[in-house]
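A.B. asks: The following file, my_file11.cif, comprises mmCIF, C-alpha atoms:
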```cif
data_input
#
loop_
_atom_site.label_atom_id
_atom_site.label_comp_id
_atom_site.auth_asym_id
_atom_site.auth_seq_id
_atom_site.Cartn_x
_atom_site.Cartn_y
_atom_site.Cartn_z
CA MET A 9 -19.26 -26.04 12.63
CA LYS A 10 -18.50 -23.41 15.22
CA THR A 11 -20.10 -20.03 14.58
CA TYR A 12 -18.27 -16.79 15.17
CA LYS A 13 -19.72 -13.42 15.98
CA PHE A 14 -16.90 -11.62 14.13
CA PHE A 15 -15.02 -12.81 11.05
CA GLY A 16 -11.93 -11.29 12.63
CA SER A 17 -12.22 -13.51 15.71
CA ARG A 18 -11.49 -16.67 13.72
CA SER A 19 -7.83 -16.10 14.50
CA SER A 20 -5.63 -14.01 16.74
CA GLY A 21 -4.23 -12.26 13.68
CA ALA A 22 -0.71 -13.48 14.44
CA LYS A 23 -0.30 -15.07 10.99
CA ASN A 24 -1.52 -11.88 9.32
CA TRP A 25 0.87 -9.83 11.47
CA TYR A 26 3.77 -12.04 10.39
CA MET A 27 2.80 -12.13 6.71
CA GLN A 28 2.27 -8.35 6.69
CA ARG A 29 5.93 -7.93 7.64
CA ILE A 30 7.26 -10.62 5.27
CA SER A 31 5.26 -9.22 2.33
CA GLY A 32 6.34 -5.70 3.29
CA ILE A 33 10.03 -6.64 3.22
CA ILE A 34 9.63 -8.34 -0.18
CA LEU A 35 7.70 -5.31 -1.50
CA VAL A 36 10.50 -2.94 -0.46
CA LEU A 37 13.00 -5.07 -2.40
CA VAL A 38 10.78 -5.30 -5.52
CA LEU A 39 10.08 -1.56 -5.19
CA ILE A 40 13.76 -0.71 -5.68
CA GLY A 41 13.79 -2.68 -8.95
CA HIS A 42 10.45 -1.10 -9.91
CA TYR A 43 11.89 2.40 -9.39
CA VAL A 44 15.03 1.74 -11.45
CA LEU A 45 13.07 0.12 -14.27
CA MET A 46 10.06 2.44 -14.40
CA HIS A 47 11.11 5.86 -13.18
CA ALA A 48 14.90 6.21 -13.39
CA THR A 49 14.75 4.98 -17.01
CA PRO A 50 11.26 6.09 -18.23
CA ASP A 51 11.59 4.60 -21.73
CA SER A 52 12.12 1.06 -20.48
CA GLY A 53 9.08 1.47 -18.26
CA HIS A 54 6.52 3.28 -20.28
CA THR A 55 6.75 2.38 -23.96
CA TYR A 56 4.40 -0.29 -25.26
CA LYS A 57 7.20 -2.21 -26.98
CA ALA A 58 9.40 -2.44 -23.87
CA VAL A 59 6.45 -3.51 -21.73
CA MET A 60 5.45 -6.18 -24.28
CA GLU A 61 8.99 -7.53 -24.38
CA ARG A 62 8.94 -7.97 -20.62
CA LEU A 63 5.42 -9.39 -20.52
CA HIS A 64 6.46 -12.14 -22.93
CA SER A 65 9.17 -13.39 -20.60
CA PRO A 66 8.13 -15.84 -17.87
CA PHE A 67 10.57 -14.23 -15.42
CA TRP A 68 8.98 -10.77 -15.63
CA LYS A 69 5.51 -12.30 -15.67
CA GLY A 70 6.41 -13.99 -12.40
CA ILE A 71 7.73 -10.75 -10.91
CA ASP A 72 4.60 -8.86 -11.99
CA LEU A 73 2.26 -11.53 -10.61
CA THR A 74 4.18 -11.52 -7.31
CA PHE A 75 4.09 -7.73 -7.16
CA VAL A 76 0.37 -7.37 -7.80
CA THR A 77 -0.54 -10.24 -5.46
CA LEU A 78 1.65 -9.14 -2.55
CA GLY A 79 0.85 -5.45 -3.08
CA LEU A 80 -2.91 -5.98 -3.02
CA TRP A 81 -2.77 -8.40 -0.11
CA HIS A 82 -0.48 -6.14 1.92
CA GLY A 83 -2.68 -3.12 1.23
CA LEU A 84 -6.01 -4.78 1.98
CA ASN A 85 -4.69 -6.67 5.01
CA GLY A 86 -3.40 -3.31 6.26
CA THR A 87 -6.84 -1.77 5.68
CA TRP A 88 -8.39 -4.68 7.61
CA ASN A 89 -5.87 -3.99 10.43
CA VAL A 90 -7.16 -0.42 10.61
CA PHE A 91 -10.82 -1.54 10.84
CA ARG A 92 -9.95 -4.19 13.44
CA ASP A 93 -8.84 -1.46 15.83
CA TYR A 94 -12.41 -0.21 16.26
CA THR A 95 -15.46 -1.71 17.94
CA MET A 96 -18.31 -2.07 15.50
CA LYS A 97 -21.61 -3.88 15.28
CA PRO A 98 -21.07 -7.45 14.02
CA TRP A 99 -23.05 -6.92 10.81
CA LEU A 100 -20.94 -3.88 9.96
CA ILE A 101 -17.49 -5.37 10.59
CA ASN A 102 -18.55 -8.60 8.83
CA LEU A 103 -19.77 -6.58 5.85
CA ILE A 104 -16.47 -4.66 5.74
CA TYR A 105 -14.54 -7.96 5.86
CA ILE A 106 -16.53 -9.42 2.97
CA LEU A 107 -16.22 -6.19 0.95
CA LEU A 108 -12.44 -6.09 1.43
CA ILE A 109 -12.13 -9.69 0.21
CA LEU A 110 -14.38 -9.00 -2.80
CA LEU A 111 -12.43 -5.82 -3.57
CA GLY A 112 -9.14 -7.77 -3.38
CA LEU A 113 -10.39 -10.61 -5.59
CA THR A 114 -11.87 -8.22 -8.17
CA PHE A 115 -8.71 -6.16 -8.57
CA TRP A 116 -6.50 -9.24 -8.41
CA PHE A 117 -8.41 -10.80 -11.32
CA ILE A 118 -8.25 -7.55 -13.31
CA GLY A 119 -4.49 -7.38 -12.64
CA ILE A 120 -3.60 -10.98 -13.49
CA ASN A 121 -5.88 -10.83 -16.53
CA THR A 122 -3.75 -7.97 -17.89
CA ILE A 123 -0.51 -9.81 -17.16
CA LEU A 124 -1.61 -13.19 -18.51
CA SER A 125 -3.20 -11.83 -21.70
CA PHE A 126 0.19 -11.59 -23.38
CA MET B 12 -19.23 -0.64 25.61
CA ALA B 13 -22.74 -0.39 24.24
CA ASN B 14 -22.19 3.29 23.83
CA LEU B 15 -19.02 2.71 21.80
CA THR B 16 -20.81 0.76 19.10
CA THR B 17 -23.50 3.38 18.56
CA SER B 18 -21.45 6.36 17.34
CA SER B 19 -20.32 6.21 13.75
CA PHE B 20 -17.00 4.66 12.80
CA PHE B 21 -15.51 7.69 11.12
CA SER B 22 -16.47 10.23 13.77
CA ARG B 23 -14.83 8.00 16.36
CA TRP B 24 -11.79 7.51 14.16
CA VAL B 25 -11.32 11.27 13.95
CA GLU B 26 -12.00 11.59 17.70
CA VAL B 27 -9.35 9.00 18.52
CA LEU B 28 -6.90 10.63 16.13
CA ILE B 29 -7.39 14.03 17.79
CA ASN B 30 -7.52 12.88 21.41
CA TYR B 31 -4.60 10.43 21.49
CA ARG B 32 -1.43 11.81 23.02
CA LYS B 33 1.00 12.11 20.17
CA HIS B 34 4.48 10.94 21.05
CA THR B 35 7.21 10.29 18.50
CA GLY B 36 5.91 6.82 17.67
CA SER B 37 2.27 7.93 17.46
CA TRP B 38 3.10 10.21 14.56
CA ALA B 39 4.86 7.36 12.78
CA TRP B 40 1.78 5.18 13.40
CA ILE B 41 -0.67 7.84 12.13
CA LEU B 42 1.43 8.61 9.03
CA HIS B 43 1.97 4.91 8.30
CA ARG B 44 -1.80 4.31 8.34
CA ILE B 45 -2.70 7.34 6.22
CA THR B 46 0.03 6.65 3.63
CA GLY B 47 -0.89 2.95 3.63
CA LEU B 48 -4.57 3.63 2.93
CA GLY B 49 -3.58 6.09 0.21
CA LEU B 50 -1.26 3.56 -1.41
CA THR B 51 -3.96 0.85 -1.31
CA ILE B 52 -6.31 3.15 -3.24
CA TYR B 53 -3.44 3.95 -5.60
CA ILE B 54 -2.56 0.32 -6.39
CA MET B 55 -6.19 -0.25 -7.46
CA MET B 56 -6.09 2.81 -9.73
CA HIS B 57 -2.77 1.52 -11.07
CA ILE B 58 -4.27 -1.89 -11.91
CA ILE B 59 -7.14 -0.20 -13.76
CA ALA B 60 -4.76 2.14 -15.62
CA LEU B 61 -2.65 -0.78 -16.85
CA THR B 62 -5.66 -2.48 -18.45
CA GLY B 63 -4.83 0.09 -21.18
CA LEU B 64 -2.27 -2.49 -22.36
CA LEU B 65 -5.18 -4.61 -23.60
CA LYS B 66 -6.32 -1.81 -25.94
CA GLY B 67 -3.18 -1.97 -28.08
CA GLU B 68 -0.09 0.08 -28.74
CA GLY B 69 -1.68 3.38 -29.80
CA ALA B 70 -4.09 3.61 -26.88
CA PHE B 71 -1.41 2.62 -24.35
CA ASN B 72 1.18 5.12 -25.60
CA ALA B 73 -1.48 7.86 -25.63
CA GLU B 74 -2.32 6.98 -22.02
CA MET B 75 1.36 7.15 -21.05
CA ALA B 76 1.67 10.55 -22.78
CA MET B 77 -1.25 11.79 -20.69
CA PHE B 78 0.62 10.75 -17.52
CA LYS B 79 3.41 13.18 -18.50
CA SER B 80 1.14 16.21 -18.01
CA PRO B 81 1.98 18.52 -15.05
CA PHE B 82 -1.05 17.31 -13.08
CA PHE B 83 0.05 13.68 -13.24
CA LEU B 84 3.72 14.56 -12.67
CA PHE B 85 2.74 16.30 -9.45
CA GLY B 86 0.69 13.24 -8.54
CA GLU B 87 3.70 11.04 -9.24
CA TRP B 88 5.81 13.13 -6.89
CA LEU B 89 3.13 13.01 -4.18
CA LEU B 90 2.90 9.25 -4.64
CA GLY B 91 6.71 9.05 -4.34
CA ALA B 92 6.55 10.90 -1.03
CA LEU B 93 3.90 8.49 0.33
CA VAL B 94 5.88 5.47 -0.88
CA MET B 95 9.11 6.86 0.62
CA PHE B 96 7.62 7.32 4.09
CA HIS B 97 5.72 4.02 4.05
CA ALA B 98 8.73 2.01 2.84
CA LEU B 99 11.25 3.62 5.21
CA ASN B 100 8.93 3.41 8.22
CA GLY B 101 8.11 -0.15 7.14
CA ILE B 102 11.81 -1.00 7.41
CA ARG B 103 11.73 0.64 10.87
CA ILE B 104 8.79 -1.57 11.89
CA ALA B 105 10.59 -4.69 10.64
CA LEU B 106 13.68 -3.68 12.65
CA ILE B 107 11.55 -3.15 15.77
CA ASP B 108 9.66 -6.45 15.42
CA PHE B 109 12.42 -8.73 14.12
CA GLY B 110 15.56 -7.02 15.39
CA ASN B 111 16.66 -4.87 18.27
CA GLY B 112 14.96 -1.76 16.86
CA ALA B 113 12.69 -1.14 19.85
CA ARG B 114 15.71 0.21 21.76
CA PHE B 115 16.42 2.76 19.02
CA HIS B 116 13.01 3.30 17.42
CA LYS B 117 13.07 7.08 17.96
CA GLU B 118 16.54 7.38 16.46
CA ILE B 119 15.51 5.22 13.50
CA LEU B 120 12.49 7.49 12.99
CA VAL B 121 14.80 10.50 12.73
CA PHE B 122 16.60 8.65 9.90
CA VAL B 123 13.22 7.79 8.33
CA TYR B 124 12.26 11.48 8.24
CA LEU B 125 15.71 12.63 7.11
CA ILE B 126 16.17 10.09 4.32
CA GLY B 127 12.51 10.48 3.36
CA VAL B 128 12.74 14.27 2.99
CA LEU B 129 16.07 14.02 1.12
CA MET B 130 14.76 11.40 -1.31
CA THR B 131 11.47 13.25 -1.83
CA ALA B 132 13.46 16.40 -2.61
CA GLY B 133 15.63 14.34 -4.95
CA MET B 134 12.50 13.04 -6.66
CA ALA B 135 11.23 16.60 -7.10
CA TYR B 136 14.50 17.40 -8.89
CA LEU B 137 14.29 14.29 -11.11
CA ILE B 138 10.61 14.76 -11.96
CA PHE B 139 10.34 18.55 -12.40
CA LEU B 140 13.82 19.82 -13.26
CA HIS B 141 15.75 16.96 -14.82
#
```
What would the structure in this file look like if it were written as structure tokens?
C.D. replies:
Amino acid sequence: MKTYKFFGSRSSGAKNWYMQRISGIILVLVLIGHYVLMHATPDSGHTYKAVMERLHSPFWKGIDLTFVTLGLWHGLNGTWNVFRDYTMKPWLINLIYILLILLGLTFWFIGINTILSF
Amino acid sequence: MANLTTSSFFSRWVEVLINYRKHTGSWAWILHRITGLGLTIYIMMHIIALTGLLKGEGAFNAEMAMFKSPFFLFGEWLLGALVMFHALNGIRIALIDFGNGARFHKEILVFVYLIGVLMTAGMAYLIFLH
């Protein structure tokens, strides 16, 4: 197995660049629906009953899972993009990379646990 | 190069931010980063807040009532402003990378600021006065 000095040097980042844009475009579209549902009509967004009704439908479960997955990935990949712009000692940038992945996995599991509990 | 790796990350980040020449696009880049980092922190807070659903109807509705206090309403508006800029500038970036936006990126940025300010003002009306 080839060893790498930086985790970030495993790839050119082209795939991440592309996926950052694709996920961003999807997030803008979901965001419009999110605004109408949650903020323009507060009752449909914020009462327990309305939320439960949605969470029991596979369609909304799918939307929520997509939203939390893409949102977290887009956010943490963007954070990684920021760190990648700076020269750092290998141990530090590797540590940051691992922490970002752990942070993403932790919050992703918390998020999908909430969605899939109902 | 050796010198670059010795100073701390954040002091250099601030240094770069201050010393870079700021053209039209640089401001969009700086704002996109800052709003993006803010929104990443927010989405994590949001995920934690929604675990309130697991505590049952009473606890969740009480939590939602708390979010209607002036402090949280102001936060909601601030969040809306961050989202507005990040989403509109994100569309600008997609147009630059996938379309012919590079020719008009400064003009598109004017629209980003204009629509952003208008919608943020609209949100202030909906949140505080409606």
A.B. asks: I'd like to see the residues matched by the PyMOL selection byres ((chain B) within 8 of (chain A)) on this file, and ideally I'd get them as a list in words.
C.D. replies: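 Given this file, the PyMOL selection byres ((chain B) within 8 of (chain A)) evaluates to Leu15, Thr16, Phe20, Arg44, Gly47, Leu48, Leu50, Thr51, Ile54, Met55, Ile58, Ile59, Leu61, Thr62, Leu64, Leu65, Glu68, Phe71, Asn72, Met75, Ala98, Gly101, Ile102 and Ala105 of chain B.
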A.B. asks: Please write the residues picked by the PyMOL selection byres ((chain B and resi 28-42) around 9) on this file as a count of residues only.
C.D. replies: 16
A.B. asks: I'd like to know which of A:Trp88, A:Leu63, A:Ala58, A:Asp51 is closest to B:Ala76, using all atoms listed in the file.
C.D. replies: A:Asp51
A.B. asks: Identify the residues within 12 Å of coordinate (8.6, -10.0, -10.9) (same frame as the file), considering all atoms listed in the file, and give the answer as an mmCIF file with C-alpha atoms, in the coordinates of the input.
C.D. replies:
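Result went into point38.cif, see below:
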```
data_model
loop_
_atom_site.group_PDB
_atom_site.id
_atom_site.type_symbol
_atom_site.label_atom_id
_atom_site.label_comp_id
_atom_site.auth_asym_id
_atom_site.auth_seq_id
_atom_site.Cartn_x
_atom_site.Cartn_y
_atom_site.Cartn_z
ATOM 1 C CA ILE A 34 9.630 -8.340 -0.180
ATOM 2 C CA LEU A 35 7.700 -5.310 -1.500
ATOM 3 C CA LEU A 37 13.000 -5.070 -2.400
ATOM 4 C CA VAL A 38 10.780 -5.300 -5.520
ATOM 5 C CA LEU A 39 10.080 -1.560 -5.190
ATOM 6 C CA ILE A 40 13.760 -0.710 -5.680
ATOM 7 C CA GLY A 41 13.790 -2.680 -8.950
ATOM 8 C CA HIS A 42 10.450 -1.100 -9.910
ATOM 9 C CA LEU A 45 13.070 0.120 -14.270
ATOM 10 C CA ARG A 62 8.940 -7.970 -20.620
ATOM 11 C CA LEU A 63 5.420 -9.390 -20.520
ATOM 12 C CA SER A 65 9.170 -13.390 -20.600
ATOM 13 C CA PRO A 66 8.130 -15.840 -17.870
ATOM 14 C CA PHE A 67 10.570 -14.230 -15.420
ATOM 15 C CA TRP A 68 8.980 -10.770 -15.630
ATOM 16 C CA LYS A 69 5.510 -12.300 -15.670
ATOM 17 C CA GLY A 70 6.410 -13.990 -12.400
ATOM 18 C CA ILE A 71 7.730 -10.750 -10.910
ATOM 19 C CA ASP A 72 4.600 -8.860 -11.990
ATOM 20 C CA LEU A 73 2.260 -11.530 -10.610
ATOM 21 C CA THR A 74 4.180 -11.520 -7.310
ATOM 22 C CA PHE A 75 4.090 -7.730 -7.160
ATOM 23 C CA VAL A 76 0.370 -7.370 -7.800
ATOM 24 C CA THR A 77 -0.540 -10.240 -5.460
ATOM 25 C CA LEU A 78 1.650 -9.140 -2.550
ATOM 26 C CA GLY A 79 0.850 -5.450 -3.080
ATOM 27 C CA ILE A 123 -0.510 -9.810 -17.160
#
```
A.B. asks: Can you tell me how far atom CA of B:Val128 sits from atom CA of B:Trp88, in Å to one decimal?
C.D. replies: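 Pair atom CA of B:Val128 / atom CA of B:Trp88 returns 12.1 Å.
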A.B. asks: Keeping C-alpha atoms (and nothing else), can you write stretch 24-121 of chain B of this structure as a tab-separated table (two decimals), in the first residue's frame?
C.D. replies:
```
chain	number	residue	atom	x	y	z
B	24	TRP	CA	-5.58	32.93	8.22
B	25	VAL	CA	-6.25	36.41	9.61
B	26	GLU	CA	-3.03	37.69	8.01
B	27	VAL	CA	-4.05	36.37	4.61
B	28	LEU	CA	-7.55	37.78	5.02
B	29	ILE	CA	-6.16	41.24	5.83
B	30	ASN	CA	-3.33	41.33	3.29
B	31	TYR	CA	-5.09	39.97	0.20
B	32	ARG	CA	-6.14	42.61	-2.30
B	33	LYS	CA	-9.90	42.67	-2.16
B	34	HIS	CA	-11.50	42.88	-5.57
B	35	THR	CA	-15.19	42.26	-6.23
B	36	GLY	CA	-14.75	38.49	-6.32
B	37	SER	CA	-12.54	38.39	-3.22
B	38	TRP	CA	-15.37	39.75	-1.11
B	39	ALA	CA	-17.71	37.12	-2.48
B	40	TRP	CA	-15.09	34.46	-1.66
B	41	ILE	CA	-14.53	35.76	1.90
B	42	LEU	CA	-18.27	36.06	2.61
B	43	HIS	CA	-18.99	32.64	1.09
B	44	ARG	CA	-16.41	31.04	3.42
B	45	ILE	CA	-17.54	32.84	6.57
B	46	THR	CA	-21.25	32.17	5.92
B	47	GLY	CA	-20.44	28.57	4.97
B	48	LEU	CA	-18.54	27.91	8.21
B	49	GLY	CA	-21.36	29.55	10.18
B	50	LEU	CA	-23.98	27.40	8.46
B	51	THR	CA	-21.96	24.22	9.10
B	52	ILE	CA	-21.94	25.01	12.83
B	53	TYR	CA	-25.66	25.80	12.59
B	54	ILE	CA	-26.64	22.52	10.90
B	55	MET	CA	-24.98	20.62	13.79
B	56	MET	CA	-26.90	22.70	16.35
B	57	HIS	CA	-30.04	22.04	14.31
B	58	ILE	CA	-29.48	18.26	14.39
B	59	ILE	CA	-29.03	18.38	18.17
B	60	ALA	CA	-32.13	20.59	18.62
B	61	LEU	CA	-34.30	18.15	16.65
B	62	THR	CA	-33.39	15.26	18.94
B	63	GLY	CA	-36.11	16.94	21.07
B	64	LEU	CA	-38.55	14.96	18.91
B	65	LEU	CA	-37.42	11.82	20.74
B	66	LYS	CA	-38.54	13.28	24.09
B	67	GLY	CA	-42.22	13.34	23.12
B	68	GLU	CA	-44.88	15.88	22.25
B	69	GLY	CA	-44.78	18.06	25.38
B	70	ALA	CA	-41.01	18.51	25.41
B	71	PHE	CA	-40.87	19.19	21.66
B	72	ASN	CA	-43.65	21.79	21.68
B	73	ALA	CA	-42.04	23.50	24.69
B	74	GLU	CA	-38.75	23.61	22.77
B	75	MET	CA	-40.50	25.13	19.73
B	76	ALA	CA	-42.17	27.74	21.99
B	77	MET	CA	-38.73	28.69	23.29
B	78	PHE	CA	-37.57	29.30	19.71
B	79	LYS	CA	-40.28	31.98	19.39
B	80	SER	CA	-38.57	34.22	21.95
B	81	PRO	CA	-37.05	37.50	20.61
B	82	PHE	CA	-33.50	36.17	21.02
B	83	PHE	CA	-34.16	33.15	18.81
B	84	LEU	CA	-36.23	35.17	16.33
B	85	PHE	CA	-33.27	37.50	15.85
B	86	GLY	CA	-31.07	34.43	15.42
B	87	GLU	CA	-33.49	33.08	12.83
B	88	TRP	CA	-33.26	36.32	10.88
B	89	LEU	CA	-29.45	36.31	11.08
B	90	LEU	CA	-29.45	32.70	9.91
B	91	GLY	CA	-31.75	33.70	7.04
B	92	ALA	CA	-29.28	36.39	5.98
B	93	LEU	CA	-26.38	33.88	5.98
B	94	VAL	CA	-28.45	31.34	4.04
B	95	MET	CA	-29.56	34.00	1.53
B	96	PHE	CA	-26.01	35.09	0.71
B	97	HIS	CA	-24.60	31.55	0.64
B	98	ALA	CA	-27.40	30.21	-1.57
B	99	LEU	CA	-27.41	33.14	-4.02
B	100	ASN	CA	-23.62	33.24	-4.28
B	101	GLY	CA	-23.68	29.45	-4.60
B	102	ILE	CA	-25.90	29.83	-7.66
B	103	ARG	CA	-23.37	32.39	-8.95
B	104	ILE	CA	-20.54	29.88	-8.46
B	105	ALA	CA	-22.51	27.17	-10.29
B	106	LEU	CA	-23.13	29.61	-13.17
B	107	ILE	CA	-19.42	30.48	-13.31
B	108	ASP	CA	-18.25	26.84	-13.22
B	109	PHE	CA	-20.94	25.15	-15.32
B	110	GLY	CA	-22.17	28.01	-17.49
B	111	ASN	CA	-20.88	31.18	-19.03
B	112	GLY	CA	-20.96	33.05	-15.71
B	113	ALA	CA	-17.25	33.92	-15.65
B	114	ARG	CA	-17.92	36.61	-18.27
B	115	PHE	CA	-20.55	38.24	-16.07
B	116	HIS	CA	-19.50	37.25	-12.55
B	117	LYS	CA	-19.33	40.86	-11.30
B	118	GLU	CA	-22.77	41.64	-12.68
B	119	ILE	CA	-24.17	38.45	-11.15
B	120	LEU	CA	-22.65	39.48	-7.80
B	121	VAL	CA	-24.55	42.77	-7.96
```
